[in-house]
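Report on the following structure.
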Amino acid sequence: MKRRLALPAILAVAAAIAVSVALLLPSSAPPPETEFTLLDGRQVTLRSLRGRPVLISFWATTCGPCVEELPDLIQLYNAWHPLGFELIAVAMPYDPPALVQEFTQRRGLPYPVALDVQGKLTSAFGGVPYVPAAFLIAPNGNIVLNSTGRLDTSKARRIIEKYLKGTAS
């Protein structure tokens, strides 16, 4: 009797581990075609950014780790944007647009910030249950890094560098 009960338990644990591992591994598939509405009202699509490495960073004004990683993201953007790198920060749906606007101006964020008032962007990227979360998209449109928690900027830099003009070895 114990053997019959043990097998389903083992299978359930194995399935849970497989799902967890799949969520942590980067997907080589491209994200769905997505349109970002930036704070200045401009619309940007992922398709319009093809040919360049793009980091999509999901964040919230009330998220401590999100605020802590801002200097790293600013440095990454300032150093590599002239070489073709793009970064779009996406404020979570629960962040009030006026607060996001004020926060962005006060912190002097140099990169584009998008609002996700209806949650369409978080849905397009698998729900984004935790922030900060980042998705690095290669010039061909495929996701090459999927990160939850504070971004490992050293790892991200190594990947981005492969795609930038004038920096690849």
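As shown in the structure tokens, the chain order sets the letters A, B, ...; within each chain, residues go from 1, and ligands are also counted from 1 in the order they appear.
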
Can you write out as a Markdown table which residues of stretch 115-169 of chain A fall within 8 Å of stretch 92-109 of chain A, alongside each residue's closest atom pair and its distance in Å to one decimal, counting only C-alpha atoms and ordering rows by chain and ascending residue number?
| residue | atom | partner | partner_atom | distance |
| --- | --- | --- | --- | --- |
| A:Leu115 | CA | A:Pro97 | CA | 6.8 |
| A:Asp116 | CA | A:Pro93 | CA | 5.0 |
| A:Val117 | CA | A:Pro93 | CA | 4.6 |
| A:Gln118 | CA | A:Pro93 | CA | 6.3 |
| A:Gly119 | CA | A:Pro93 | CA | 5.4 |
| A:Thr122 | CA | A:Met92 | CA | 7.5 |

Output of the above residues as a compact mmCIF listing (two decimals), in the first residue's frame, restricted to C-alpha atoms:
# COMPACT_ATOMS: atom_id res chain seq x y z
CA LEU A 115 3.60 51.97 -17.93
CA ASP A 116 1.69 48.68 -17.77
CA VAL A 117 -1.60 49.95 -16.37
CA GLN A 118 -3.66 47.10 -17.84
CA GLY A 119 -1.10 44.36 -17.14
CA THR A 122 3.47 41.50 -17.51

Can you tell me, as a list in words, what residues are no more than 10 Å from A:Pro112 when counting only C-alpha atoms, ignoring any on the same chain fewer than 5 positions away?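 The neighbour list is Phe36, Thr37, Leu38, Leu39, Asp40, Arg42, Val44, Glu86, Leu87, Ile88, Ala89, Val90 and Thr104 of chain A.
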
A:Cys66 environment, 9 Å, only C-alpha atoms, sequence neighbours closer than 4 positions dropped, as an NGL selection string: :A and (58-62 or 70 or 131-133 or 149-150)

Those residues you just picked out, can you put them in a file as an mmCIF file, in the first residue's frame with N, CA and C atoms?
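That gives us selection_15.cif:
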data_model
loop_
_atom_site.group_PDB
_atom_site.id
_atom_site.type_symbol
_atom_site.label_atom_id
_atom_site.label_comp_id
_atom_site.auth_asym_id
_atom_site.auth_seq_id
_atom_site.Cartn_x
_atom_site.Cartn_y
_atom_site.Cartn_z
ATOM 1 N N PHE A 58 11.381 44.738 -15.379
ATOM 2 C CA PHE A 58 10.135 44.973 -14.649
ATOM 3 C C PHE A 58 10.491 45.398 -13.228
ATOM 4 N N TRP A 59 9.844 46.454 -12.733
ATOM 5 C CA TRP A 59 10.203 47.030 -11.444
ATOM 6 C C TRP A 59 8.984 47.717 -10.823
ATOM 7 N N ALA A 60 9.157 48.154 -9.596
ATOM 8 C CA ALA A 60 8.124 48.918 -8.898
ATOM 9 C C ALA A 60 8.802 49.972 -8.032
ATOM 10 N N THR A 61 8.137 51.090 -7.859
ATOM 11 C CA THR A 61 8.707 52.176 -7.068
ATOM 12 C C THR A 61 8.859 51.797 -5.601
ATOM 13 N N THR A 62 8.067 50.827 -5.131
ATOM 14 C CA THR A 62 8.103 50.415 -3.726
ATOM 15 C C THR A 62 8.968 49.186 -3.483
ATOM 16 N N LEU A 70 19.091 50.231 -9.532
ATOM 17 C CA LEU A 70 19.037 51.370 -10.456
ATOM 18 C C LEU A 70 20.419 51.879 -10.872
ATOM 19 N N VAL A 131 9.291 41.070 -8.623
ATOM 20 C CA VAL A 131 10.175 42.106 -9.148
ATOM 21 C C VAL A 131 11.326 42.295 -8.178
ATOM 22 N N PRO A 132 12.476 42.702 -8.675
ATOM 23 C CA PRO A 132 12.736 42.976 -10.076
ATOM 24 C C PRO A 132 12.808 41.688 -10.901
ATOM 25 N N ALA A 133 12.471 41.842 -12.158
ATOM 26 C CA ALA A 133 12.578 40.751 -13.127
ATOM 27 C C ALA A 133 13.094 41.360 -14.423
ATOM 28 N N GLY A 149 14.719 38.683 -9.370
ATOM 29 C CA GLY A 149 15.565 39.194 -8.308
ATOM 30 C C GLY A 149 16.551 40.178 -8.899
ATOM 31 N N ARG A 150 17.398 40.686 -8.047
ATOM 32 C CA ARG A 150 18.364 41.677 -8.520
ATOM 33 C C ARG A 150 19.205 41.097 -9.660
#

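Among the candidates A:Leu83, A:Leu73, A:Leu49, A:Ala91, the one nearest to A:Leu164 when counting only C-alpha atoms is A:Leu83.
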
Nearest candidate to A:Pro129 (options A:Leu55, A:His81, A:Ser147, A:Tyr111; using only C-alpha atoms):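 With only C-alpha atoms as the atom set, the closest residue is A:Ser147.
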
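The interatomic distance for the pair atom CA of A:Ser123 and atom CA of A:Leu151 works out to 20.4 Å.
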